[in-house]
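Q: Please find one structure pasted underneath; my questions will follow.
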Amino acid sequence: MALTRRRPGRRRRRPLGRAERAILAVLAVAAVAAVAVVLVLRLGGDGPCGDGLVESADGEECVGVADATAGSPAFEPGADGPDERIADLVRKIAEENEKVGELWEGRQEPYVRVAVLLPFNASESSAMTPEVVQNSLAGVLTAQLHANRDHGLNYQLLLSNIGRDLSQWRPAVEALDALTVHEAPTEEDSPLVGVIGLPNSEKDTEDAAVALARADIPAVSGVLSSPEISADTLFKAAPSNTESVAALSGYLDENPGAHPGEPSGFLVWDSREEDGYVANTRENMRRVFGEEYGLENRQASFVGRMGDYAGAPRRFSPAARGICRLEADTVFYAGRDSDLPYLITQLSDEPDCDDFDAEIRILRVATGLPEGLTDRRVREDMAEARVVTVGASATDAPSWRAGEGSGERFATFAEGFGKASGLPGEALNDGYAIMHHDAFVVVSRATDTALTDLEESAGGGGSNRLPSKLDVYNTITNMRVVRGPDGCHDCVPGASGQFGFDVEKDNWPVCKPVPIIEYPRPEGADRPRLYRTFQGPNGKCPA
């Protein structure tokens, strides 16, 4: 799957094989129908990127949406392709997409399409690392397989590359808009019904979401959390930073620390203003905890690893010195997960911390428990520095996998995840697989509900109508959790818990569980009280 542009003079030409000639023939007669598998890759066309893709503005990537088939050499990783971890999941999705196409051709089983917007050419310094993209795709694949085995309506995935830094979204959005059917789609149309992905809380993500909204395409982000990112048809499956900080506030009310009432806090924040997630997390933490924990002057910034060079990254010496010199036992961290282990290591190595014997709690807004924190060396550093991380999280896979606080839906998902992806259960810990699974579930459940309503309005038979993108959008707006014996009113049965939506709350999830992950969990400690988004003063979900 070649996503990196080959420069003139380096391009390796070879004769097209039989399968590839067949692909090009299909593309020539069915470009609009986009049959079989839709994938972001390079097919070996005459241009620098190949059929269906365009060169990015910087000339370094091939972005957009293009057609291919499973088994093509273009799926293989290499200098011009994705990381092997991503390529393997892409191949599995391609195989499932082909099965869906064959079921339509052979049995006339209808299908719709859902687009996945991610940085498929990810690197360690891009908006998502290869491992995170891998886990995200594995969660989506698990949801796709479950939907295709569980319902009469099948789903294909359209994988769309939006660039390493998420800025190259325009070609993909324009191509997806061309695939939609604006009114009364039928089974022959196989319409695009929604988009998932849009992972980071950045301006490019909002611009892409606004463009999708102009095209009336519903989008669901599994992990976006900044309240500043908004668009009319954009829904969020993860808690907002505001709600996650409220969950942390509830935790501190019950666990005030060794010096309650004294300014014993310290704020550590990423200085990259273009990263909306860290900037908004910092402002929420200052607003809620600033006065009580004395954060106005008790703080230090650092340069995060993600993005262009802006000075030495991950230089945590000023933060570690400040924490230990001021004897701050409650640290508020507004930064990316991938940078946090370096703060912990610095606390372990910092000479000024040698005489500071108090336990240090690092509070953070999280999607889950990142692999970086569970690394053996980092765990040793945590023990040395007496550090415990406290994350208000969208997921708690380590506890759920151990049977603590999980529901039937998570158990079903976890079993299917291993079979579908071949990845170990630990791949669930960072939360990206779970939340991208849930984003797909939002779209598929809304599509299935809308289809049932259309069939009933047609008298139960004879109609070949499929839901349109507007039908799916309108259905999502009515997915609610209410009080009463049946609290789930067409709501979302996610692997991360049950939740609904409310357009008056800017399409954030309502009644979404926000577990608190203490890592490592203090010996003998009970699991912290569960917070739910937009809960009332009594801890109940909204009426």
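Ordering of the structure tokens sets the chain letters (A, B, ...), residue numbers begin anew at 1 in every chain, and ligands are numbered from 1 in the order given.
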For Ser264 in chain A, find every residue with an atom within 9 Å (counting only C-alpha atoms), except residues of its own chain fewer than 4 positions away, and show them as a list in words.
A: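 The contact residues come out as Gly257, Ala258, His259, Pro260, Glu292, Tyr293, Gly294, Leu295, Arg298, Leu326, Glu327, Ala328, Asp329, Thr330 and Val331 of chain A.
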Q: Excluding same-chain residues fewer than 6 positions from Arg409 in chain A, what lies within 12 Å of it counting only C-alpha atoms, as a short mmCIF file (atom, residue, chain, number, x, y, z; two decimals) with N, CA, C and O atoms, in the first residue's frame?
A:
```
data_model
loop_
_atom_site.label_atom_id
_atom_site.label_comp_id
_atom_site.auth_asym_id
_atom_site.auth_seq_id
_atom_site.Cartn_x
_atom_site.Cartn_y
_atom_site.Cartn_z
N ALA A 143 -15.63 -4.41 14.61
CA ALA A 143 -17.01 -3.92 14.51
C ALA A 143 -17.62 -4.25 13.15
O ALA A 143 -18.80 -4.61 13.06
N HIS A 146 -18.55 -7.97 13.07
CA HIS A 146 -19.72 -8.24 13.89
C HIS A 146 -20.99 -7.76 13.19
O HIS A 146 -22.00 -8.47 13.17
N TRP A 400 -11.40 -4.23 32.81
CA TRP A 400 -12.49 -4.95 32.12
C TRP A 400 -12.04 -6.33 31.68
O TRP A 400 -12.82 -7.29 31.75
N GLU A 415 -13.53 -10.80 22.75
CA GLU A 415 -13.36 -12.11 22.12
C GLU A 415 -13.26 -11.97 20.61
O GLU A 415 -12.39 -12.57 19.97
N GLY A 416 -14.13 -11.16 20.02
CA GLY A 416 -14.09 -10.95 18.58
C GLY A 416 -12.84 -10.23 18.13
O GLY A 416 -12.32 -10.48 17.03
N ILE A 434 -11.01 0.12 21.19
CA ILE A 434 -12.36 0.14 21.77
C ILE A 434 -13.15 1.34 21.26
O ILE A 434 -14.31 1.21 20.83
N HIS A 437 -13.96 1.16 17.54
CA HIS A 437 -15.06 0.20 17.43
C HIS A 437 -16.38 0.88 17.75
O HIS A 437 -17.37 0.76 17.00
N ASP A 438 -16.43 1.63 18.84
CA ASP A 438 -17.68 2.26 19.24
C ASP A 438 -18.13 3.33 18.25
O ASP A 438 -19.34 3.54 18.05
N VAL A 441 -19.88 1.52 15.66
CA VAL A 441 -21.17 1.04 16.17
C VAL A 441 -22.21 2.15 16.13
O VAL A 441 -23.39 1.90 15.84
N VAL A 492 -26.49 3.78 22.18
CA VAL A 492 -25.32 3.09 21.64
C VAL A 492 -24.85 2.02 22.62
O VAL A 492 -24.42 2.35 23.73
N PRO A 493 -24.90 0.75 22.26
CA PRO A 493 -24.37 -0.31 23.14
C PRO A 493 -22.88 -0.51 22.88
O PRO A 493 -22.45 -1.49 22.27
N GLY A 494 -22.06 0.43 23.32
CA GLY A 494 -20.65 0.40 23.01
C GLY A 494 -19.86 -0.58 23.85
O GLY A 494 -20.27 -0.96 24.96
N ALA A 495 -18.70 -0.97 23.36
CA ALA A 495 -17.80 -1.80 24.16
C ALA A 495 -17.29 -1.02 25.37
O ALA A 495 -16.90 -1.61 26.38
N SER A 496 -17.28 0.31 25.28
CA SER A 496 -16.84 1.15 26.40
C SER A 496 -17.98 1.49 27.34
O SER A 496 -17.77 2.22 28.32
N GLY A 497 -19.17 0.97 27.06
CA GLY A 497 -20.33 1.27 27.89
C GLY A 497 -21.46 1.84 27.06
O GLY A 497 -21.30 2.20 25.89
N GLN A 498 -22.60 1.95 27.66
CA GLN A 498 -23.79 2.45 27.00
C GLN A 498 -23.82 3.99 27.06
O GLN A 498 -23.52 4.58 28.09
#
```
Q: When you count only C-alpha atoms, which of these residues is closest to Arg286 in chain A: A:Thr242, A:Thr186, A:Thr477, A:Asn148?
A: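 When distances to Arg286 in chain A are compared using only C-alpha atoms, the smallest one comes from A:Thr242.
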Q: Measuring atom to atom with only C-alpha atoms, identify which of A:Glu84, A:Asp352, A:Asp502, A:Asp204 is nearest to Ala319 in chain A.
A: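 Under the stated criterion, the closest residue is A:Asp352.
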Q: Taking only range 246-292 of chain A into account, list the residues labelled alpha helix (DSSP H) by DSSP (computed from the backbone), as a list in words.
A: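 Listing alpha helix (DSSP H) positions across range 246-292 of chain A yields Ala246, Ala247, Leu248, Ser249, Gly250, Tyr251, Leu252, Asp253, Glu254, Gly276, Tyr277, Val278, Ala279, Asn280, Thr281, Arg282, Glu283, Asn284, Met285, Arg286, Arg287, Val288 and Phe289 of chain A.
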Q: Restrict the selected residues to N, CA and C atoms and save them as a short mmCIF file (atom, residue, chain, number, x, y, z; two decimals), in the first residue's frame.
A:
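Once written, result-v3.cif looks like this:
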```cif
data_model
loop_
_atom_site.label_atom_id
_atom_site.label_comp_id
_atom_site.auth_asym_id
_atom_site.auth_seq_id
_atom_site.Cartn_x
_atom_site.Cartn_y
_atom_site.Cartn_z
N ALA A 246 -13.94 17.00 35.08
CA ALA A 246 -14.96 16.88 36.13
C ALA A 246 -14.83 15.54 36.85
N ALA A 247 -14.51 14.48 36.10
CA ALA A 247 -14.30 13.17 36.72
C ALA A 247 -13.08 13.20 37.63
N LEU A 248 -12.01 13.88 37.21
CA LEU A 248 -10.82 14.01 38.06
C LEU A 248 -11.13 14.82 39.32
N SER A 249 -11.98 15.84 39.18
CA SER A 249 -12.37 16.64 40.34
C SER A 249 -13.11 15.78 41.36
N GLY A 250 -14.00 14.91 40.89
CA GLY A 250 -14.69 14.01 41.80
C GLY A 250 -13.73 13.05 42.49
N TYR A 251 -12.72 12.60 41.76
CA TYR A 251 -11.72 11.72 42.35
C TYR A 251 -10.96 12.44 43.46
N LEU A 252 -10.55 13.68 43.21
CA LEU A 252 -9.79 14.42 44.22
C LEU A 252 -10.64 14.78 45.43
N ASP A 253 -11.95 14.95 45.23
CA ASP A 253 -12.83 15.19 46.38
C ASP A 253 -12.76 14.02 47.36
N GLU A 254 -12.65 12.80 46.83
CA GLU A 254 -12.61 11.62 47.67
C GLU A 254 -11.18 11.23 48.05
N GLY A 276 -4.86 21.16 19.89
CA GLY A 276 -6.03 21.59 20.65
C GLY A 276 -6.30 20.74 21.87
N TYR A 277 -5.94 19.45 21.81
CA TYR A 277 -6.18 18.57 22.95
C TYR A 277 -5.40 19.03 24.18
N VAL A 278 -4.09 19.25 24.02
CA VAL A 278 -3.29 19.61 25.18
C VAL A 278 -3.59 21.04 25.63
N ALA A 279 -3.84 21.95 24.68
CA ALA A 279 -4.15 23.33 25.05
C ALA A 279 -5.46 23.41 25.83
N ASN A 280 -6.47 22.68 25.37
CA ASN A 280 -7.76 22.73 26.06
C ASN A 280 -7.71 22.00 27.39
N THR A 281 -6.97 20.89 27.45
CA THR A 281 -6.81 20.19 28.73
C THR A 281 -6.15 21.11 29.76
N ARG A 282 -5.11 21.82 29.34
CA ARG A 282 -4.42 22.75 30.23
C ARG A 282 -5.39 23.81 30.78
N GLU A 283 -6.20 24.40 29.89
CA GLU A 283 -7.11 25.45 30.33
C GLU A 283 -8.18 24.90 31.27
N ASN A 284 -8.68 23.70 31.01
CA ASN A 284 -9.67 23.09 31.91
C ASN A 284 -9.06 22.79 33.28
N MET A 285 -7.83 22.31 33.28
CA MET A 285 -7.17 22.03 34.56
C MET A 285 -6.91 23.31 35.34
N ARG A 286 -6.48 24.35 34.67
CA ARG A 286 -6.28 25.63 35.35
C ARG A 286 -7.60 26.16 35.92
N ARG A 287 -8.66 26.04 35.14
CA ARG A 287 -9.96 26.57 35.57
C ARG A 287 -10.48 25.84 36.80
N VAL A 288 -10.37 24.53 36.82
CA VAL A 288 -10.96 23.74 37.90
C VAL A 288 -10.04 23.63 39.11
N PHE A 289 -8.74 23.48 38.87
CA PHE A 289 -7.82 23.18 39.97
C PHE A 289 -6.85 24.32 40.30
#
```
Q: Kindly give the distance, in Å, that separates CA of Asn478 in chain A and CA of Ala446 in chain A, rounded to a single decimal.
A: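 Computing the Euclidean distance for CA of Asn478 in chain A and CA of Ala446 in chain A yields 9.2 Å.
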Q: Could you please write out, as an NGL selection string, every residue of range 200-277 of chain A that DSSP assigns to strand (DSSP E)?
A: :A and (219-221 or 234-236 or 265-270)
Q: Using only C-alpha atoms, which protein or nucleic acid residues come within 10 Å of Val100 in chain A? Drop anything in the same chain fewer than 3 positions from it, and give the result as a compact mmCIF listing (two decimals) with C-alpha atoms, in the first residue's frame.
A:
```txt
# COMPACT_ATOMS: atom_id res chain seq x y z
CA VAL A 35 -16.95 -1.82 -6.34
CA ALA A 36 -14.92 -4.31 -4.32
CA VAL A 37 -12.51 -2.73 -1.89
CA ALA A 94 -9.79 -5.62 2.15
CA GLU A 95 -10.66 -9.30 2.38
CA GLU A 96 -13.87 -8.54 4.27
CA ASN A 97 -14.77 -5.82 1.79
CA LEU A 103 -22.46 -11.37 -1.41
CA TRP A 104 -24.08 -8.54 -3.35
CA GLU A 105 -23.14 -10.03 -6.70
CA GLY A 106 -24.13 -13.58 -5.75
CA GLU A 109 -27.31 -8.91 -0.15
CA PRO A 110 -27.31 -5.10 0.09
CA TYR A 111 -24.50 -3.12 1.64
CA VAL A 112 -23.60 0.42 2.60
CA ASN A 148 -21.76 -8.16 8.78
CA LEU A 153 -27.29 -5.20 5.89
CA ASN A 154 -23.57 -5.45 5.19
CA TYR A 155 -20.83 -2.83 5.50
CA GLN A 156 -17.75 -2.00 3.46
```
Q: Quick one: residues within 12 Å of Ser399 in chain A, only C-alpha atoms counted, chain neighbours fewer than 3 positions away excluded, as a PyMOL selection string?
A: chain A and resi 368-369+395-396+402-407+410-411+425-426+428-429+496+515-521+526-528
Q: Counting only C-alpha atoms, what are the residues of range 102-199 of chain A within 12 Å of range 332-337 of chain A, and for each of them which pair of atoms is the nearest and at what distance in Å, to one decimal? Sort the table by chain and rising number, as JSON lines.
A:
```
{"residue": "A:Ser125", "atom": "CA", "partner": "A:Arg336", "partner_atom": "CA", "distance": 11.5}
{"residue": "A:Ala127", "atom": "CA", "partner": "A:Arg336", "partner_atom": "CA", "distance": 10.4}
{"residue": "A:Met128", "atom": "CA", "partner": "A:Arg336", "partner_atom": "CA", "distance": 10.7}
{"residue": "A:Thr129", "atom": "CA", "partner": "A:Asp337", "partner_atom": "CA", "distance": 11.2}
{"residue": "A:Val132", "atom": "CA", "partner": "A:Asp337", "partner_atom": "CA", "distance": 11.3}
```
Q: Please write the residues from the selection above to a file, keeping C-alpha atoms, as a compact mmCIF listing (two decimals), in the first residue's frame.
A:
```txt
# COMPACT_ATOMS: atom_id res chain seq x y z
CA SER A 125 6.26 11.61 15.24
CA ALA A 127 -0.46 12.68 14.59
CA MET A 128 -0.92 8.98 15.37
CA THR A 129 1.85 6.40 15.76
CA VAL A 132 -2.15 3.47 17.48
```
Q: I want to know what sits within 10 Å of Val442 in chain A, based on only C-alpha atoms, with residues of the same chain fewer than 5 positions away left out; could you give that as a list in words?
A: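 Skipping anything fewer than 5 positions along the chain leaves Gly194, Ile196, Ala219, Val220, Ser221, Gly222, Phe235, Lys236, Ala237, His436, His437, Thr447, Val472, Thr475, Ile476, Met479, Cys491, Val492, Pro493, Gly494, Phe499 and Gly500 of chain A.
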Q: Report the distance between CA of Glu380 in chain A and CA of Pro424 in chain A in Å, rounded to one decimal place.
A: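 Separating CA of Glu380 in chain A from CA of Pro424 in chain A is a distance of 23.3 Å.
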Q: Pick the closest to Met435 in chain A from A:Gly139, A:Gly524, A:Asp448, A:Leu267: which is it, counting only C-alpha atoms?
A: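 Distance minimum relative to Met435 in chain A lands on A:Gly139.
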Q: Within 12 Å of Ser56 in chain A, counting only C-alpha atoms, which residues qualify if same-chain residues fewer than 6 places away don't, as a JSON list (two decimals) with all heavy atoms, in the first residue's frame?
A:
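result_15.json, freshly written:
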```
[["chain", "number", "residue", "atom", "x", "y", "z"],
["A", 3, "LEU", "N", 1.78, 4.81, 0.10],
["A", 3, "LEU", "CA", 1.18, 6.09, 0.45],
["A", 3, "LEU", "C", 2.19, 7.22, 0.34],
["A", 3, "LEU", "O", 1.83, 8.38, 0.47],
["A", 3, "LEU", "CB", 0.63, 6.05, 1.87],
["A", 3, "LEU", "CG", -0.43, 4.98, 2.12],
["A", 3, "LEU", "CD1", -0.81, 4.99, 3.57],
["A", 3, "LEU", "CD2", -1.63, 5.21, 1.23],
["A", 4, "THR", "N", 3.46, 6.88, 0.16],
["A", 4, "THR", "CA", 4.49, 7.88, 0.01],
["A", 4, "THR", "C", 4.79, 8.07, -1.47],
["A", 4, "THR", "O", 4.99, 7.10, -2.18],
["A", 4, "THR", "CB", 5.78, 7.45, 0.73],
["A", 4, "THR", "OG1", 5.46, 7.16, 2.09],
["A", 4, "THR", "CG2", 6.83, 8.54, 0.67],
["A", 5, "ARG", "N", 4.83, 9.30, -1.90],
["A", 5, "ARG", "CA", 5.07, 9.58, -3.30],
["A", 5, "ARG", "C", 6.47, 9.15, -3.69],
["A", 5, "ARG", "O", 7.45, 9.49, -3.04],
["A", 5, "ARG", "CB", 4.92, 11.08, -3.57],
["A", 5, "ARG", "CG", 5.22, 11.50, -5.00],
["A", 5, "ARG", "CD", 5.07, 13.00, -5.14],
["A", 5, "ARG", "NE", 5.39, 13.44, -6.47],
["A", 5, "ARG", "CZ", 6.60, 13.81, -6.87],
["A", 5, "ARG", "NH1", 7.60, 13.77, -6.02],
["A", 5, "ARG", "NH2", 6.82, 14.21, -8.10],
["A", 48, "PRO", "N", 2.33, 10.34, -10.41],
["A", 48, "PRO", "CA", 3.23, 10.07, -9.28],
["A", 48, "PRO", "C", 2.57, 9.30, -8.16],
["A", 48, "PRO", "O", 3.25, 8.69, -7.35],
["A", 48, "PRO", "CB", 3.64, 11.47, -8.82],
["A", 48, "PRO", "CG", 2.54, 12.37, -9.30],
["A", 48, "PRO", "CD", 2.06, 11.77, -10.58],
["A", 49, "CYS", "N", 1.24, 9.30, -8.10],
["A", 49, "CYS", "CA", 0.55, 8.61, -7.03],
["A", 49, "CYS", "C", -0.31, 7.45, -7.52],
["A", 49, "CYS", "O", -0.66, 6.57, -6.75],
["A", 49, "CYS", "CB", -0.35, 9.59, -6.24],
["A", 49, "CYS", "SG", 0.58, 10.72, -5.20],
["A", 62, "CYS", "N", 0.83, 10.45, -0.83],
["A", 62, "CYS", "CA", -0.30, 10.27, -1.72],
["A", 62, "CYS", "C", -1.55, 10.13, -0.86],
["A", 62, "CYS", "O", -1.62, 9.25, 0.00],
["A", 62, "CYS", "CB", -0.11, 9.03, -2.59],
["A", 62, "CYS", "SG", 1.30, 9.17, -3.71],
["A", 63, "VAL", "N", -2.50, 11.01, -1.07],
["A", 63, "VAL", "CA", -3.65, 11.10, -0.17],
["A", 63, "VAL", "C", -4.95, 11.00, -0.97],
["A", 63, "VAL", "O", -4.99, 11.23, -2.17],
["A", 63, "VAL", "CB", -3.62, 12.41, 0.64],
["A", 63, "VAL", "CG1", -2.44, 12.43, 1.59],
["A", 63, "VAL", "CG2", -3.57, 13.63, -0.30],
["A", 64, "GLY", "N", -6.04, 10.65, -0.27],
["A", 64, "GLY", "CA", -7.34, 10.52, -0.90],
["A", 64, "GLY", "C", -7.87, 9.11, -0.79],
["A", 64, "GLY", "O", -7.53, 8.37, 0.13],
["A", 161, "ASN", "N", -6.67, 8.18, 3.34],
["A", 161, "ASN", "CA", -5.47, 8.75, 3.94],
["A", 161, "ASN", "C", -5.57, 10.27, 3.99],
["A", 161, "ASN", "O", -5.77, 10.92, 2.96],
["A", 161, "ASN", "CB", -4.23, 8.34, 3.14],
["A", 161, "ASN", "CG", -2.95, 8.74, 3.82],
["A", 161, "ASN", "OD1", -2.90, 8.85, 5.04],
["A", 161, "ASN", "ND2", -1.90, 8.96, 3.04],
["A", 162, "ILE", "N", -5.44, 10.85, 5.19],
["A", 162, "ILE", "CA", -5.54, 12.30, 5.34],
["A", 162, "ILE", "C", -4.20, 12.92, 5.75],
["A", 162, "ILE", "O", -4.16, 14.07, 6.19],
["A", 162, "ILE", "CB", -6.64, 12.68, 6.36],
["A", 162, "ILE", "CG1", -6.42, 12.00, 7.71],
["A", 162, "ILE", "CG2", -8.00, 12.35, 5.80],
["A", 162, "ILE", "CD1", -7.44, 12.39, 8.77],
["A", 163, "GLY", "N", -3.11, 12.17, 5.58],
["A", 163, "GLY", "CA", -1.77, 12.72, 5.80],
["A", 163, "GLY", "C", -1.27, 12.52, 7.21],
["A", 163, "GLY", "O", -2.04, 12.43, 8.16],
["A", 164, "ARG", "N", 0.04, 12.48, 7.34],
["A", 164, "ARG", "CA", 0.66, 12.22, 8.65],
["A", 164, "ARG", "C", 0.22, 13.22, 9.71],
["A", 164, "ARG", "O", 0.02, 12.87, 10.86],
["A", 164, "ARG", "CB", 2.18, 12.27, 8.53],
["A", 164, "ARG", "CG", 2.81, 11.14, 7.74],
["A", 164, "ARG", "CD", 4.32, 11.22, 7.83],
["A", 164, "ARG", "NE", 4.94, 10.23, 6.96],
["A", 164, "ARG", "CZ", 5.32, 10.47, 5.71],
["A", 164, "ARG", "NH1", 5.15, 11.67, 5.20],
["A", 164, "ARG", "NH2", 5.90, 9.53, 4.99],
["A", 165, "ASP", "N", 0.08, 14.49, 9.30],
["A", 165, "ASP", "CA", -0.29, 15.52, 10.28],
["A", 165, "ASP", "C", -1.76, 15.90, 10.19],
["A", 165, "ASP", "O", -2.17, 16.92, 10.76],
["A", 165, "ASP", "CB", 0.60, 16.75, 10.13],
["A", 165, "ASP", "CG", 0.43, 17.44, 8.77],
["A", 165, "ASP", "OD1", -0.33, 16.92, 7.92],
["A", 165, "ASP", "OD2", 1.05, 18.50, 8.55],
["A", 166, "LEU", "N", -2.55, 15.12, 9.45],
["A", 166, "LEU", "CA", -4.00, 15.28, 9.30],
["A", 166, "LEU", "C", -4.40, 16.46, 8.43],
["A", 166, "LEU", "O", -5.59, 16.74, 8.26],
["A", 166, "LEU", "CB", -4.69, 15.43, 10.67],
["A", 166, "LEU", "CG", -4.32, 14.42, 11.75],
["A", 166, "LEU", "CD1", -5.15, 14.68, 13.01],
["A", 166, "LEU", "CD2", -4.51, 13.00, 11.27],
["A", 167, "SER", "N", -3.43, 17.16, 7.83],
["A", 167, "SER", "CA", -3.75, 18.37, 7.07],
["A", 167, "SER", "C", -4.19, 18.10, 5.64],
["A", 167, "SER", "O", -4.71, 19.00, 4.97],
["A", 167, "SER", "CB", -2.52, 19.30, 7.06],
["A", 167, "SER", "OG", -1.46, 18.72, 6.32],
["A", 168, "GLN", "N", -3.99, 16.86, 5.16],
["A", 168, "GLN", "CA", -4.28, 16.56, 3.75],
["A", 168, "GLN", "C", -5.65, 15.88, 3.60],
["A", 168, "GLN", "O", -5.79, 14.88, 2.90],
["A", 168, "GLN", "CB", -3.17, 15.67, 3.19],
["A", 168, "GLN", "CG", -1.78, 16.24, 3.37],
["A", 168, "GLN", "CD", -1.59, 17.57, 2.67],
["A", 168, "GLN", "OE1", -2.06, 17.76, 1.55],
["A", 168, "GLN", "NE2", -0.93, 18.50, 3.33],
["A", 169, "TRP", "N", -6.66, 16.45, 4.22],
["A", 169, "TRP", "CA", -7.99, 15.83, 4.25],
["A", 169, "TRP", "C", -8.85, 16.18, 3.04],
["A", 169, "TRP", "O", -9.82, 15.47, 2.74],
["A", 169, "TRP", "CB", -8.73, 16.26, 5.53],
["A", 169, "TRP", "CG", -8.80, 17.74, 5.72],
["A", 169, "TRP", "CD1", -7.95, 18.50, 6.46],
["A", 169, "TRP", "CD2", -9.76, 18.64, 5.16],
["A", 169, "TRP", "NE1", -8.31, 19.83, 6.40],
["A", 169, "TRP", "CE2", -9.42, 19.94, 5.62],
["A", 169, "TRP", "CE3", -10.86, 18.48, 4.34],
["A", 169, "TRP", "CZ2", -10.15, 21.07, 5.25],
["A", 169, "TRP", "CZ3", -11.61, 19.60, 3.97],
["A", 169, "TRP", "CH2", -11.25, 20.88, 4.42],
["A", 170, "ARG", "N", -8.54, 17.25, 2.34],
["A", 170, "ARG", "CA", -9.44, 17.73, 1.28],
["A", 170, "ARG", "C", -9.67, 16.72, 0.17],
["A", 170, "ARG", "O", -10.83, 16.50, -0.23],
["A", 170, "ARG", "CB", -8.91, 19.04, 0.71],
["A", 170, "ARG", "CG", -9.07, 20.23, 1.66],
["A", 170, "ARG", "CD", -8.45, 21.50, 1.09],
["A", 170, "ARG", "NE", -8.61, 22.61, 2.04],
["A", 170, "ARG", "CZ", -7.83, 22.81, 3.08],
["A", 170, "ARG", "NH1", -6.82, 21.97, 3.33],
["A", 170, "ARG", "NH2", -8.03, 23.82, 3.90],
["A", 171, "PRO", "N", -8.63, 16.08, -0.40],
["A", 171, "PRO", "CA", -8.90, 15.10, -1.46],
["A", 171, "PRO", "C", -9.83, 13.97, -1.02],
["A", 171, "PRO", "O", -10.70, 13.54, -1.78],
["A", 171, "PRO", "CB", -7.51, 14.57, -1.81],
["A", 171, "PRO", "CG", -6.58, 15.68, -1.42],
["A", 171, "PRO", "CD", -7.18, 16.28, -0.19],
["A", 172, "ALA", "N", -9.65, 13.50, 0.22],
["A", 172, "ALA", "CA", -10.49, 12.41, 0.71],
["A", 172, "ALA", "C", -11.94, 12.88, 0.86],
["A", 172, "ALA", "O", -12.88, 12.19, 0.44],
["A", 172, "ALA", "CB", -9.96, 11.89, 2.04]]
```
